[in-house]
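With mmCIF, C-alpha atoms inside, this is coords.cif:
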```cif
data_entry
loop_
_atom_site.label_atom_id
_atom_site.label_comp_id
_atom_site.auth_asym_id
_atom_site.auth_seq_id
_atom_site.Cartn_x
_atom_site.Cartn_y
_atom_site.Cartn_z
CA MET A 882 13.36 17.14 -30.87
CA THR A 883 14.19 14.64 -28.05
CA MET A 884 11.07 13.40 -26.28
CA PRO A 885 10.94 14.66 -22.65
CA TYR A 886 10.30 11.13 -21.31
CA LEU A 887 12.47 8.29 -20.07
CA GLU A 888 12.71 5.20 -22.23
CA GLY A 889 14.82 2.10 -22.84
CA LYS A 890 17.40 0.85 -20.34
CA VAL A 891 17.52 4.13 -18.43
CA GLY A 892 13.77 4.01 -17.88
CA HIS A 893 14.01 0.45 -16.58
CA ARG A 894 16.91 1.37 -14.29
CA VAL A 895 14.85 4.11 -12.66
CA VAL A 896 12.05 1.65 -11.93
CA LEU A 897 14.49 -0.80 -10.33
CA ILE A 898 16.06 1.88 -8.13
CA PHE A 899 12.69 2.99 -6.80
CA ALA A 900 11.66 -0.66 -6.45
CA ALA A 901 14.59 -1.44 -4.11
CA ALA A 902 13.20 0.91 -1.47
CA TYR A 903 9.60 -0.14 -2.04
CA VAL A 904 10.45 -3.82 -1.49
CA LEU A 905 11.75 -2.91 1.97
CA SER A 906 8.80 -0.62 2.63
CA TYR A 907 6.34 -3.40 1.95
CA ALA A 908 8.40 -5.86 3.99
CA PHE A 909 8.17 -3.50 6.98
CA ARG A 910 4.44 -3.18 6.40
CA ALA A 911 3.76 -6.93 6.30
CA ILE A 912 6.28 -8.35 8.75
CA ASN A 913 4.12 -8.12 11.87
CA ALA A 914 1.75 -10.74 10.43
CA VAL A 915 4.63 -13.23 10.77
CA ILE A 916 6.31 -12.05 13.99
CA ALA A 917 3.00 -11.36 15.81
CA PRO A 918 3.04 -14.63 17.84
CA ALA A 919 6.63 -13.99 19.00
CA LEU A 920 5.84 -10.36 19.89
CA MET A 921 2.75 -11.30 21.88
CA GLU A 922 4.65 -14.00 23.77
CA ASP A 923 7.75 -11.92 24.48
CA LEU A 924 5.92 -8.78 25.62
CA GLN A 925 2.57 -10.24 26.79
CA LEU A 926 0.55 -8.13 24.34
CA SER A 927 -3.24 -8.28 23.99
CA ASN A 928 -5.03 -8.30 20.63
CA ALA A 929 -5.75 -4.59 21.02
CA ASP A 930 -2.09 -3.93 21.89
CA LEU A 931 -0.98 -5.82 18.80
CA GLY A 932 -3.44 -3.97 16.59
CA LEU A 933 -2.32 -0.61 18.02
CA LEU A 934 1.37 -1.48 17.65
CA THR A 935 1.06 -2.66 14.08
CA SER A 936 -1.14 0.27 13.09
CA ALA A 937 1.54 2.70 14.36
CA TYR A 938 3.18 2.17 10.97
CA PHE A 939 0.01 3.35 9.24
CA LEU A 940 -0.42 6.30 11.60
CA GLY A 941 3.15 7.49 11.02
CA PHE A 942 2.71 6.90 7.30
CA ALA A 943 -0.58 8.78 7.13
CA SER A 944 0.73 11.74 9.15
CA MET A 945 3.29 12.44 6.43
CA GLN A 946 1.07 12.32 3.37
CA LEU A 947 0.00 15.98 3.11
CA PRO A 948 3.46 17.51 3.64
CA LEU A 949 4.90 14.73 1.49
CA GLY A 950 2.78 15.73 -1.50
CA SER A 951 4.01 19.31 -1.29
CA TRP A 952 7.64 18.20 -0.88
CA LEU A 953 7.39 15.89 -3.89
CA ASP A 954 5.99 18.67 -6.07
CA LYS A 955 8.58 21.17 -4.78
CA TYR A 956 11.79 19.17 -4.26
CA GLY A 957 11.26 16.12 -6.44
CA ALA A 958 11.08 12.40 -5.78
CA ARG A 959 14.79 11.63 -5.32
CA ARG A 960 15.63 14.14 -2.59
CA THR A 961 12.34 13.73 -0.72
CA GLU A 962 12.43 9.93 -0.55
CA SER A 963 16.11 9.57 0.30
CA ALA A 964 15.79 12.05 3.20
CA LEU A 965 12.74 10.32 4.67
CA LEU A 966 14.27 6.84 4.42
CA LEU A 967 16.80 7.82 7.08
CA PHE A 968 13.92 7.96 9.58
CA ALA A 969 12.99 4.38 8.66
CA ALA A 970 16.54 3.17 9.34
CA VAL A 971 16.52 4.81 12.78
CA GLY A 972 13.02 3.49 13.51
CA ALA A 973 14.03 -0.08 12.68
CA ALA A 974 16.99 0.21 15.07
CA ILE A 975 14.73 1.54 17.84
CA PHE A 976 12.27 -1.32 17.25
CA ALA A 977 15.09 -3.86 17.45
CA MET A 978 16.36 -2.45 20.79
CA SER A 979 13.01 -1.88 22.53
CA SER A 980 11.54 -4.06 25.27
CA THR A 981 8.38 -2.05 25.97
CA LEU A 982 5.22 -1.45 23.98
CA THR A 983 5.96 2.30 23.97
CA GLY A 984 9.43 1.82 22.51
CA LEU A 985 8.18 -0.58 19.86
CA TRP A 986 5.34 1.81 18.95
CA ILE A 987 7.76 4.74 18.52
CA GLY A 988 10.08 2.63 16.38
CA ARG A 989 7.29 1.38 14.16
CA ALA A 990 5.78 4.86 13.80
CA MET A 991 9.19 6.17 12.69
CA ILE A 992 9.40 3.36 10.15
CA GLY A 993 6.00 4.45 8.81
CA ILE A 994 7.21 8.05 8.55
CA GLY A 995 10.41 6.97 6.83
CA VAL A 996 8.86 4.79 4.14
CA SER A 997 5.88 7.08 3.56
CA SER A 998 7.24 8.18 0.19
CA CYS A 999 8.28 4.78 -1.17
CA LEU A 1000 5.26 4.53 -3.47
CA MET A 1001 4.27 8.19 -3.78
CA ALA A 1002 7.78 9.27 -4.87
CA PRO A 1003 7.96 6.86 -7.82
CA LEU A 1004 4.36 7.61 -8.80
CA LYS A 1005 5.23 11.30 -8.86
CA ALA A 1006 8.36 10.62 -10.91
CA TYR A 1007 6.49 8.33 -13.29
CA ARG A 1008 3.71 10.87 -13.79
CA VAL A 1009 6.28 13.47 -14.88
CA TRP A 1010 8.97 11.31 -16.50
CA TYR A 1011 6.84 8.77 -18.43
CA PRO A 1012 3.90 9.16 -20.85
CA ALA A 1013 0.30 8.77 -19.62
CA GLU A 1014 -0.28 5.45 -21.37
CA ARG A 1015 2.41 3.79 -19.25
CA GLN A 1016 1.07 4.87 -15.84
CA SER A 1017 -1.07 1.80 -15.06
CA GLN A 1018 1.73 -0.51 -16.14
CA LEU A 1019 4.33 1.26 -14.02
CA GLY A 1020 2.01 1.37 -11.02
CA SER A 1021 1.36 -2.37 -11.34
CA TRP A 1022 5.09 -3.05 -11.58
CA MET A 1023 5.68 -1.20 -8.32
CA LEU A 1024 3.09 -3.36 -6.61
CA VAL A 1025 4.75 -6.46 -8.05
CA PHE A 1026 7.97 -5.38 -6.35
CA GLY A 1027 6.09 -4.48 -3.19
CA THR A 1028 4.56 -7.94 -3.08
CA CYS A 1029 8.07 -9.38 -3.41
CA GLY A 1030 8.78 -7.55 -0.17
CA ALA A 1031 5.73 -9.15 1.41
CA LEU A 1032 6.92 -12.58 0.21
CA THR A 1033 10.23 -12.13 2.02
CA THR A 1034 8.33 -11.72 5.30
CA THR A 1035 6.57 -15.10 5.05
CA MET A 1036 8.57 -18.34 4.93
CA PRO A 1037 12.05 -16.70 4.80
CA VAL A 1038 11.43 -14.60 7.93
CA ALA A 1039 9.66 -17.47 9.71
CA ALA A 1040 12.70 -19.65 9.02
CA ILE A 1041 15.28 -17.13 10.25
CA ILE A 1042 13.51 -15.90 13.40
CA PRO A 1043 14.52 -18.95 15.50
CA ILE A 1044 18.15 -18.23 14.58
CA ILE A 1045 18.48 -14.45 15.00
CA SER A 1046 15.11 -13.56 16.61
CA TRP A 1047 12.78 -10.83 15.40
CA ARG A 1048 15.21 -8.25 16.78
CA GLY A 1049 17.96 -9.49 14.47
CA VAL A 1050 15.60 -9.25 11.52
CA PHE A 1051 14.99 -5.56 12.24
CA TRP A 1052 18.71 -4.84 12.58
CA ILE A 1053 19.27 -6.33 9.12
CA MET A 1054 16.40 -4.31 7.68
CA SER A 1055 17.81 -1.12 9.16
CA GLY A 1056 21.07 -1.72 7.28
CA LEU A 1057 19.26 -2.52 4.03
CA ILE A 1058 17.28 0.71 4.24
CA LEU A 1059 20.54 2.69 4.49
CA LEU A 1060 21.83 0.88 1.40
CA ALA A 1061 18.64 1.66 -0.54
CA THR A 1062 18.90 5.32 0.52
CA ALA A 1063 22.40 5.65 -0.89
CA LEU A 1064 21.37 3.93 -4.12
CA LEU A 1065 18.41 6.26 -4.57
CA PHE A 1066 20.23 9.50 -3.76
CA PHE A 1067 23.39 8.97 -5.79
CA LYS A 1068 22.32 6.78 -8.73
CA LEU A 1069 19.21 8.77 -9.62
CA LYS A 1070 20.88 12.20 -9.55
CA PRO A 1071 22.34 12.24 -13.11
CA ILE A 1072 19.17 10.70 -14.56
CA GLU A 1073 16.97 13.25 -12.79
CA THR A 1074 19.17 16.13 -14.02
CA GLU A 1075 18.97 14.95 -17.63
CA ILE A 1076 15.22 14.37 -17.77
CA ASN A 1077 14.48 17.68 -16.01
CA ALA A 1078 16.60 19.52 -18.56
CA ARG A 1079 14.77 17.79 -21.42
CA GLN A 1080 11.36 18.66 -20.02
CA LEU A 1081 12.36 22.26 -19.35
CA ALA A 1082 13.37 22.61 -23.00
CA SER A 1083 10.07 21.06 -24.05
CA GLN A 1084 8.10 23.48 -21.87
CA ARG A 1085 9.87 26.45 -23.42
CA ASP A 1086 8.64 25.27 -26.82
CA ASN A 1087 5.08 24.98 -25.50
CA THR A 1088 3.89 28.30 -24.11
CA THR A 1089 0.30 27.20 -23.64
CA GLY A 1090 0.86 25.31 -20.39
CA ASP A 1091 -1.61 25.74 -17.54
CA THR A 1092 0.24 27.68 -14.85
CA ALA A 1093 -2.79 27.85 -12.59
CA SER A 1094 -2.34 24.21 -11.64
CA LEU A 1095 1.07 25.03 -10.18
CA THR A 1096 -0.46 27.08 -7.40
CA THR A 1097 -3.49 24.93 -6.67
CA GLY A 1098 -3.13 23.29 -3.26
CA TYR A 1099 -4.93 20.54 -1.40
CA SER A 1100 -8.19 22.47 -1.08
CA ALA A 1101 -9.20 21.86 -4.69
CA ILE A 1102 -8.32 18.17 -4.40
CA PHE A 1103 -10.33 17.53 -1.23
CA ALA A 1104 -13.21 19.68 -2.52
CA SER A 1105 -13.61 17.47 -5.58
CA PRO A 1106 -16.71 15.22 -5.35
CA TYR A 1107 -14.86 12.73 -7.54
CA PHE A 1108 -11.93 12.62 -5.12
CA ARG A 1109 -14.19 12.13 -2.09
CA ARG A 1110 -15.95 9.16 -3.73
CA MET A 1111 -12.64 7.55 -4.61
CA ALA A 1112 -11.16 8.30 -1.18
CA LEU A 1113 -14.00 6.59 0.71
CA LEU A 1114 -13.75 3.53 -1.49
CA GLY A 1115 -9.96 3.43 -1.11
CA ALA A 1116 -9.99 3.86 2.68
CA ILE A 1117 -12.40 1.00 3.32
CA HIS A 1118 -11.45 -1.49 0.61
CA GLN A 1119 -7.78 -0.88 -0.13
CA GLY A 1120 -6.94 0.37 3.35
CA GLY A 1121 -8.76 -2.54 4.94
CA PHE A 1122 -6.95 -4.99 2.67
CA MET A 1123 -3.63 -3.57 3.87
CA ALA A 1124 -4.80 -4.00 7.47
CA MET A 1125 -5.60 -7.67 6.85
CA GLN A 1126 -2.53 -8.45 4.77
CA THR A 1127 -0.10 -6.84 7.19
CA LEU A 1128 -1.51 -8.20 10.46
CA TRP A 1129 -4.77 -10.09 10.81
CA ALA A 1130 -4.17 -12.62 8.03
CA GLY A 1131 -1.63 -14.46 10.20
CA PRO A 1132 -3.74 -14.69 13.37
CA TRP A 1133 -6.76 -15.68 11.22
CA MET A 1134 -4.91 -18.71 9.88
CA VAL A 1135 -3.78 -19.78 13.36
CA ARG A 1136 -6.81 -19.00 15.52
CA VAL A 1137 -9.71 -19.48 13.12
CA LEU A 1138 -8.45 -22.12 10.70
CA GLY A 1139 -6.24 -23.91 13.24
CA LEU A 1140 -3.09 -23.93 11.10
CA SER A 1141 0.39 -24.19 12.58
CA LEU A 1142 2.87 -21.34 12.24
CA ASP A 1143 4.70 -23.20 9.47
CA GLN A 1144 1.45 -23.84 7.61
CA THR A 1145 0.45 -20.21 8.08
CA SER A 1146 3.71 -18.94 6.61
CA GLN A 1147 3.20 -21.26 3.62
CA VAL A 1148 -0.35 -20.03 3.01
CA LEU A 1149 0.73 -16.40 3.34
CA PHE A 1150 3.57 -17.08 0.90
CA LEU A 1151 1.06 -18.56 -1.57
CA PHE A 1152 -1.29 -15.62 -1.03
CA ASN A 1153 1.43 -13.03 -1.66
CA PHE A 1154 2.82 -15.00 -4.62
CA THR A 1155 -0.66 -15.05 -6.16
CA LEU A 1156 -0.87 -11.32 -5.51
CA LEU A 1157 2.45 -10.83 -7.27
CA LEU A 1158 1.33 -12.81 -10.33
CA SER A 1159 -1.97 -10.92 -10.39
CA TYR A 1160 -0.18 -7.57 -10.45
CA LEU A 1161 1.99 -8.84 -13.30
CA VAL A 1162 -1.09 -9.88 -15.27
CA LEU A 1163 -2.72 -6.54 -14.48
CA SER A 1164 0.34 -4.67 -15.80
CA TRP A 1165 -0.18 -6.44 -19.13
CA TRP A 1166 -4.00 -6.49 -19.20
CA ALA A 1167 -4.91 -2.97 -18.03
CA PRO A 1168 -3.07 -0.95 -20.73
CA ARG A 1169 -4.74 -3.09 -23.42
CA TYR A 1170 -8.29 -3.60 -22.20
CA VAL A 1171 -9.08 -0.95 -19.56
CA SER A 1172 -10.05 2.58 -20.59
CA PHE A 1173 -8.75 5.41 -18.42
CA ASN A 1174 -9.98 8.13 -20.76
CA ASP A 1175 -12.41 7.88 -23.66
CA LYS A 1176 -10.51 5.13 -25.46
CA PRO A 1177 -12.14 1.75 -26.29
CA GLY A 1178 -12.13 -0.76 -23.44
CA ILE A 1179 -13.73 -1.53 -20.11
CA PRO A 1180 -14.31 1.72 -18.17
CA VAL A 1181 -11.81 1.69 -15.34
CA LEU A 1182 -14.32 2.41 -12.56
CA GLN A 1183 -16.56 -0.38 -13.83
CA ALA A 1184 -13.62 -2.79 -13.64
CA VAL A 1185 -12.91 -1.60 -10.10
CA SER A 1186 -16.53 -2.07 -9.02
CA ILE A 1187 -16.76 -5.60 -10.43
CA GLY A 1188 -13.45 -6.68 -8.88
CA LEU A 1189 -14.33 -5.30 -5.44
CA ALA A 1190 -17.77 -6.92 -5.53
CA GLY A 1191 -16.06 -10.25 -6.10
CA ALA A 1192 -13.62 -9.56 -3.26
CA VAL A 1193 -16.51 -8.86 -0.86
CA ILE A 1194 -18.19 -12.15 -1.81
CA VAL A 1195 -14.97 -14.11 -1.23
CA GLN A 1196 -14.46 -12.52 2.20
CA ALA A 1197 -18.04 -13.37 3.16
CA LEU A 1198 -17.29 -17.00 2.28
CA MET A 1199 -14.17 -16.82 4.48
CA VAL A 1200 -16.29 -15.74 7.43
CA PHE A 1201 -19.14 -18.22 7.00
CA TYR A 1202 -17.27 -21.32 5.82
CA VAL A 1203 -14.46 -22.26 8.19
CA THR A 1204 -13.12 -25.65 7.11
CA SER A 1205 -9.76 -27.32 6.59
CA TRP A 1206 -9.77 -26.19 2.95
CA SER A 1207 -11.06 -22.63 3.30
CA TRP A 1208 -7.54 -21.18 3.28
CA ILE A 1209 -7.79 -21.61 -0.51
CA LEU A 1210 -10.25 -18.66 -0.58
CA TRP A 1211 -7.30 -16.35 -0.06
CA VAL A 1212 -6.16 -17.13 -3.62
CA PRO A 1213 -9.19 -15.61 -5.45
CA PHE A 1214 -9.16 -12.80 -2.89
CA ALA A 1215 -5.57 -11.97 -3.93
CA ILE A 1216 -6.59 -11.94 -7.59
CA LEU A 1217 -9.66 -9.73 -7.19
CA ILE A 1218 -8.25 -7.14 -4.79
CA THR A 1219 -5.62 -6.00 -7.31
CA VAL A 1220 -8.24 -3.80 -9.02
CA THR A 1221 -7.58 -1.23 -6.28
CA THR A 1222 -4.42 -0.38 -8.24
CA LEU A 1223 -6.58 0.83 -11.12
CA ALA A 1224 -8.44 3.15 -8.76
CA GLN A 1225 -5.17 4.68 -7.53
CA MET A 1226 -3.92 5.20 -11.09
CA HIS A 1227 -7.26 6.78 -12.04
CA VAL A 1228 -6.88 9.34 -9.25
CA SER A 1229 -3.32 10.11 -10.32
CA LEU A 1230 -4.37 10.78 -13.92
CA ALA A 1231 -7.41 12.85 -12.90
CA PHE A 1232 -5.18 15.77 -11.85
CA PRO A 1233 -2.44 17.60 -13.82
CA PRO A 1234 1.22 16.49 -13.50
CA GLN A 1235 2.09 19.56 -11.41
CA GLN A 1236 -0.35 18.34 -8.77
CA ALA A 1237 0.53 14.65 -9.03
CA GLY A 1238 2.46 14.58 -5.76
CA ARG A 1239 -0.36 16.20 -3.80
CA ALA A 1240 -3.16 14.22 -5.47
CA ASN A 1241 -1.42 10.89 -4.90
CA SER A 1242 -0.49 11.76 -1.33
CA ALA A 1243 -3.99 12.99 -0.47
CA PHE A 1244 -5.44 9.73 -1.75
CA ASN A 1245 -2.77 7.71 0.04
CA LEU A 1246 -3.59 9.55 3.26
CA THR A 1247 -7.14 8.25 3.13
CA LEU A 1248 -5.85 4.70 2.47
CA PHE A 1249 -3.65 4.69 5.53
CA ILE A 1250 -6.23 6.32 7.77
CA GLY A 1251 -8.50 3.46 6.73
CA ALA A 1252 -5.76 0.88 7.34
CA PHE A 1253 -4.94 2.28 10.78
CA SER A 1254 -8.58 2.49 11.83
CA ILE A 1255 -9.55 -0.96 10.59
CA GLN A 1256 -6.42 -2.68 11.90
CA TRP A 1257 -6.80 -1.28 15.41
CA GLY A 1258 -10.59 -1.45 15.32
CA ILE A 1259 -10.63 -5.18 14.59
CA GLY A 1260 -8.29 -5.77 17.53
CA LEU A 1261 -10.61 -3.78 19.80
CA LEU A 1262 -13.65 -5.69 18.54
CA ILE A 1263 -11.98 -9.06 19.08
CA ASP A 1264 -11.15 -8.22 22.70
CA LEU A 1265 -14.65 -6.79 23.23
CA PHE A 1266 -16.41 -9.91 21.93
CA MET A 1267 -14.11 -12.18 23.95
CA MET A 1268 -15.02 -10.22 27.09
CA GLN A 1269 -18.66 -11.04 26.27
CA GLY A 1270 -17.86 -14.76 26.32
CA TRP A 1271 -17.16 -15.44 22.64
CA SER A 1272 -14.31 -17.77 21.77
CA GLN A 1273 -11.26 -16.22 20.12
CA SER A 1274 -12.11 -17.85 16.80
CA ASP A 1275 -15.74 -16.68 16.82
CA ALA A 1276 -14.73 -13.19 17.97
CA MET A 1277 -12.39 -12.87 14.97
CA ARG A 1278 -15.07 -14.14 12.58
CA LEU A 1279 -17.67 -11.72 13.91
CA SER A 1280 -15.23 -8.78 13.74
CA TRP A 1281 -14.28 -9.57 10.15
CA GLY A 1282 -17.94 -10.12 9.28
CA LEU A 1283 -18.78 -6.61 10.43
CA TYR A 1284 -15.94 -5.28 8.30
CA VAL A 1285 -17.31 -7.16 5.27
CA LEU A 1286 -20.69 -5.48 5.79
CA LEU A 1287 -18.94 -2.10 5.91
CA GLN A 1288 -17.21 -2.88 2.59
CA LEU A 1289 -20.53 -3.83 1.02
CA ALA A 1290 -22.20 -0.60 2.16
CA VAL A 1291 -19.36 1.57 0.84
CA LEU A 1292 -19.32 -0.26 -2.50
CA ILE A 1293 -23.08 0.26 -2.93
CA ILE A 1294 -22.65 3.97 -2.16
CA PHE A 1295 -19.82 4.18 -4.71
CA VAL A 1296 -21.75 2.46 -7.50
CA LYS A 1297 -24.87 4.55 -6.79
CA SER A 1298 -22.89 7.81 -6.77
CA ARG A 1299 -21.25 6.86 -10.07
CA ALA A 1300 -24.67 6.26 -11.63
CA GLU A 1301 -25.95 9.59 -10.34
CA SER A 1302 -22.91 11.51 -11.63
CA ILE A 1303 -23.24 9.92 -15.08
CA SER A 1304 -26.94 10.69 -15.35
CA SER A 1305 -26.68 14.25 -14.06
#
```

Whole structure, structure tokens version:
Amino acid sequence: MTMPYLEGKVGHRVVLIFAAAYVLSYAFRAINAVIAPALMEDLQLSNADLGLLTSAYFLGFASMQLPLGSWLDKYGARRTESALLLFAAVGAAIFAMSSTLTGLWIGRAMIGIGVSSCLMAPLKAYRVWYPAERQSQLGSWMLVFGTCGALTTTMPVAAIIPIISWRGVFWIMSGLILLATALLFFKLKPIETEINARQLASQRDNTTGDTASLTTGYSAIFASPYFRRMALLGAIHQGGFMAMQTLWAGPWMVRVLGLSLDQTSQVLFLFNFTLLLSYLVLSWWAPRYVSFNDKPGIPVLQAVSIGLAGAVIVQALMVFYVTSWSWILWVPFAILITVTTLAQMHVSLAFPPQQAGRANSAFNLTLFIGAFSIQWGIGLLIDLFMMQGWSQSDAMRLSWGLYVLLQLAVLIIFVKSRAESISS
């Protein structure tokens, strides 16, 4: 009998189609770190304004996660993602035309709504269309493509802004989103039809399936002590990383380290390129040496804990040692933070395939609530400390230092709760 999973060239084609949209999603997420100086100058924005504006993406994104999970489980990845991407195209156009903070905020929030499925949709499709042993590899590949999107917002965007302005960049991105939408909707349809037919035939041959999981909603997911532990860790560590990568990394280079805009774009390019290579290595290493079930290997949550502990140490060094060379600390930070991918894959595999859309979206909701809160919160703290007489550089260092302490506290809670659950 034909296996009910995608394989070979067709399987690779599906990954590339989903990746096209995710590249643009990640570019939208990260672009404000590069255009922030131009935005602040053009519209006279404060640090808090900039944090609020940039976090509108995360707020719009987070607001969609619970309905998104249900739509993915009910309507499938192709139809759900292609419909939502239309909102992103409209949002990018609004952002490009706006001259007020309100207009920009609405545009960016719509972008967040529109691209909210660009990772969850492929993860749902992969969970159903590919075998379990390929999940960590496929998830890492998506983040490789996402990091490619972040790379395009560093030196390339910095180089083109003086020519077409940040408004021109958003007009181009609006058009590219429409192209990705058409590719997703039309090219995936025959593949989706074939694999669904295969799996339906396979299910008919296996009458022992668990139908209860089809009707289980979000209540069982959020009630799970396991899910709550993972969600807290994800919100603070992975969500906070997204907040830094997509906004505060750029101002940190300029205001704390004293780099020029060109130097900043080069460092951010190196950081994102290192991140890309790290995801590639993870896609090879994790399936071989990390255990997601009871197979031999490093227990996945142990690998996550060790990697995040290293990331906290590196960030502490960033805060305390501000020198001409300390930008290099962003390289080990990029390597270590990739373990958050393993945590996300662990959550996906902890629930049955019929709940994959809801489980992934519930977890993603916590990530983006964390990203929104930390991104805006750091902006508020910077302005608060500057009002108390701190320099801009010291205010940023103190704000990030407080965030590092928060990461440390959450990691300790996570490790302690893991020990208690194992011993009980």

| task | Could you check how far atom CA of Gly1027 of chain A sits from atom CA of Ser980 of chain A, in Å to one decimal? | result |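 Here the two named atoms are 29.0 Å from each other.
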
| said: Please list as a list in words every residue within 9 Å of segment 964-966 of chain A, counting all atoms listed in the file and excluding residues in the same chain fewer than 4 positions away. | reply: Ala902, Arg959, Arg960, Ala970, Val971, Ile992, Ile994, Gly995, Val996, Ser997, Ser998, Cys999, Ile1058, Leu1059, Ala1061, Thr1062 and Phe1066 of chain A

| Which residue gives the smallest distance to Ala1231 of chain A among A:Phe1214, A:Tyr1107, A:Trp1281, A:Tyr1170, with all atoms listed in the file counted? |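 Checking each of A:Phe1214, A:Tyr1107, A:Trp1281, A:Tyr1170 against Ala1231 of chain A, counting all atoms listed in the file, the winner is A:Tyr1107.
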
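The gap separating atom CA of Trp1133 of chain A from atom CA of Ser944 of chain A is 28.5 Å, in Å to one decimal.
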
| request: Work out how far atom CA of Gly1115 of chain A is from atom CA of Leu1019 of chain A, in Å to one decimal. | output: 19.4 Å

| task | Measuring atom to atom with all atoms listed in the file, identify which of A:Ile912, A:Ala958, A:Leu1262, A:Met1277 is nearest to Met1134 of chain A. | result | A:Met1277

| Among the residues A:Val1195, A:His1118, A:Ile898, A:Thr1155, the one that comes closest to Val1212 of chain A [using all atoms listed in the file] |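 Nearest to Val1212 of chain A: A:Thr1155.
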
| remark: Of A:Leu940, A:Leu1004, A:Ala917, A:Ile1076, the one sitting nearest Val891 of chain A when using all atoms listed in the file is A:Ile1076

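Note on the selection: in this file the PyMOL selection byres ((chain A and resi 919) around 12) comes out as A:Ile912, A:Asn913, A:Ala914, A:Val915, A:Ile916, A:Ala917, A:Pro918, A:Leu920, A:Met921, A:Glu922, A:Asp923, A:Leu924, A:Gln925, A:Leu926, A:Leu931, A:Ala1039, A:Ile1042, A:Pro1043, A:Ser1046, A:Trp1047, A:Arg1048, A:Pro1132, A:Leu1142.
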
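Taking all atoms listed in the file into account, Phe909 of chain A lies nearest to A:Leu1128 out of the set A:Ala943, A:Ile1045, A:Leu1128, A:Ala1002.
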
| Hey, what's within 12 Å of segment 1264-1273 of chain A if we count all atoms listed in the file and toss same-chain stuff fewer than 6 positions away? As a list in words, please? | Leu926, Ser927, Asn928, Ala929, Asp930, Leu931, Gly932, Pro1132, Trp1133, Val1135, Arg1136, Val1137, Leu1138, Gly1139, Trp1257, Gly1258, Leu1279, Ser1280 and Trp1281 of chain A

Resulting file, chosen residues, C-alpha atoms, as a tab-separated table (two decimals), keeping the file's coordinate frame:
```tsv
chain	number	residue	atom	x	y	z
A	926	LEU	CA	0.55	-8.13	24.34
A	927	SER	CA	-3.24	-8.28	23.99
A	928	ASN	CA	-5.03	-8.30	20.63
A	929	ALA	CA	-5.75	-4.59	21.02
A	930	ASP	CA	-2.09	-3.93	21.89
A	931	LEU	CA	-0.98	-5.82	18.80
A	932	GLY	CA	-3.44	-3.97	16.59
A	1132	PRO	CA	-3.74	-14.69	13.37
A	1133	TRP	CA	-6.76	-15.68	11.22
A	1135	VAL	CA	-3.78	-19.78	13.36
A	1136	ARG	CA	-6.81	-19.00	15.52
A	1137	VAL	CA	-9.71	-19.48	13.12
A	1138	LEU	CA	-8.45	-22.12	10.70
A	1139	GLY	CA	-6.24	-23.91	13.24
A	1257	TRP	CA	-6.80	-1.28	15.41
A	1258	GLY	CA	-10.59	-1.45	15.32
A	1279	LEU	CA	-17.67	-11.72	13.91
A	1280	SER	CA	-15.23	-8.78	13.74
A	1281	TRP	CA	-14.28	-9.57	10.15
```

| Residue with smallest distance to Ile1263 of chain A - pool A:His1227, A:Trp1129, A:Leu1057, A:Tyr1202, counting all atoms listed in the file |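 Using all atoms listed in the file, the shortest distance to Ile1263 of chain A belongs to A:Trp1129.
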
| task | Might you spell out which residues the PyMOL selection byres ((chain A and resi 1288) around 12) would select in the displayed file, as a ChimeraX atom specification? | result | /A:1113-1122,1186,1189-1194,1196-1197,1251,1255,1281-1287,1289-1295

| Picked residues, the PyMOL selection byres ((chain A and resi 1205) around 9), expected as a list in words |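 Listing what the PyMOL selection byres ((chain A and resi 1205) around 9) selects in the shown file: Leu1138, Gly1139, Leu1140, Val1203, Thr1204, Trp1206, Ser1207 and Trp1208 of chain A.
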
| task | Do a neighbour search on Trp986 of chain A at 8 Å with all atoms listed in the file, toss out local chain neighbours closer than 2 positions, and write the hits as a PyMOL selection string. | result | chain A and resi 934-935+937+976+982-984+988-990

Using 9 Å as the limit and counting only C-alpha atoms, can you tabulate each residue of segment 902-1015 of chain A that touches segment 1236-1249 of chain A, with its shortest atom-to-atom distance in Å and the two atoms involved, as a Markdown table?
```
| residue | atom | partner | partner_atom | distance |
| --- | --- | --- | --- | --- |
| A:Phe939 | CA | A:Phe1249 | CA | 5.4 |
| A:Leu940 | CA | A:Phe1249 | CA | 7.1 |
| A:Phe942 | CA | A:Phe1249 | CA | 7.0 |
| A:Ala943 | CA | A:Leu1246 | CA | 5.0 |
| A:Ser944 | CA | A:Leu1246 | CA | 7.6 |
| A:Met945 | CA | A:Leu1246 | CA | 8.1 |
| A:Gln946 | CA | A:Ser1242 | CA | 5.0 |
| A:Leu947 | CA | A:Ala1243 | CA | 6.1 |
| A:Pro948 | CA | A:Arg1239 | CA | 8.5 |
| A:Leu949 | CA | A:Ser1242 | CA | 6.8 |
| A:Gly950 | CA | A:Arg1239 | CA | 3.9 |
| A:Ser951 | CA | A:Arg1239 | CA | 5.9 |
| A:Trp952 | CA | A:Gly1238 | CA | 8.0 |
| A:Leu953 | CA | A:Gly1238 | CA | 5.4 |
| A:Asp954 | CA | A:Gly1238 | CA | 5.4 |
| A:Gly957 | CA | A:Gly1238 | CA | 9.0 |
| A:Ala958 | CA | A:Gly1238 | CA | 8.9 |
| A:Ser998 | CA | A:Ser1242 | CA | 8.7 |
| A:Met1001 | CA | A:Asn1241 | CA | 6.4 |
| A:Ala1002 | CA | A:Gly1238 | CA | 7.6 |
| A:Leu1004 | CA | A:Asn1241 | CA | 7.7 |
| A:Lys1005 | CA | A:Gly1238 | CA | 5.3 |
| A:Ala1006 | CA | A:Gly1238 | CA | 8.8 |
| A:Arg1008 | CA | A:Ala1237 | CA | 6.9 |
| A:Val1009 | CA | A:Ala1237 | CA | 8.3 |
```
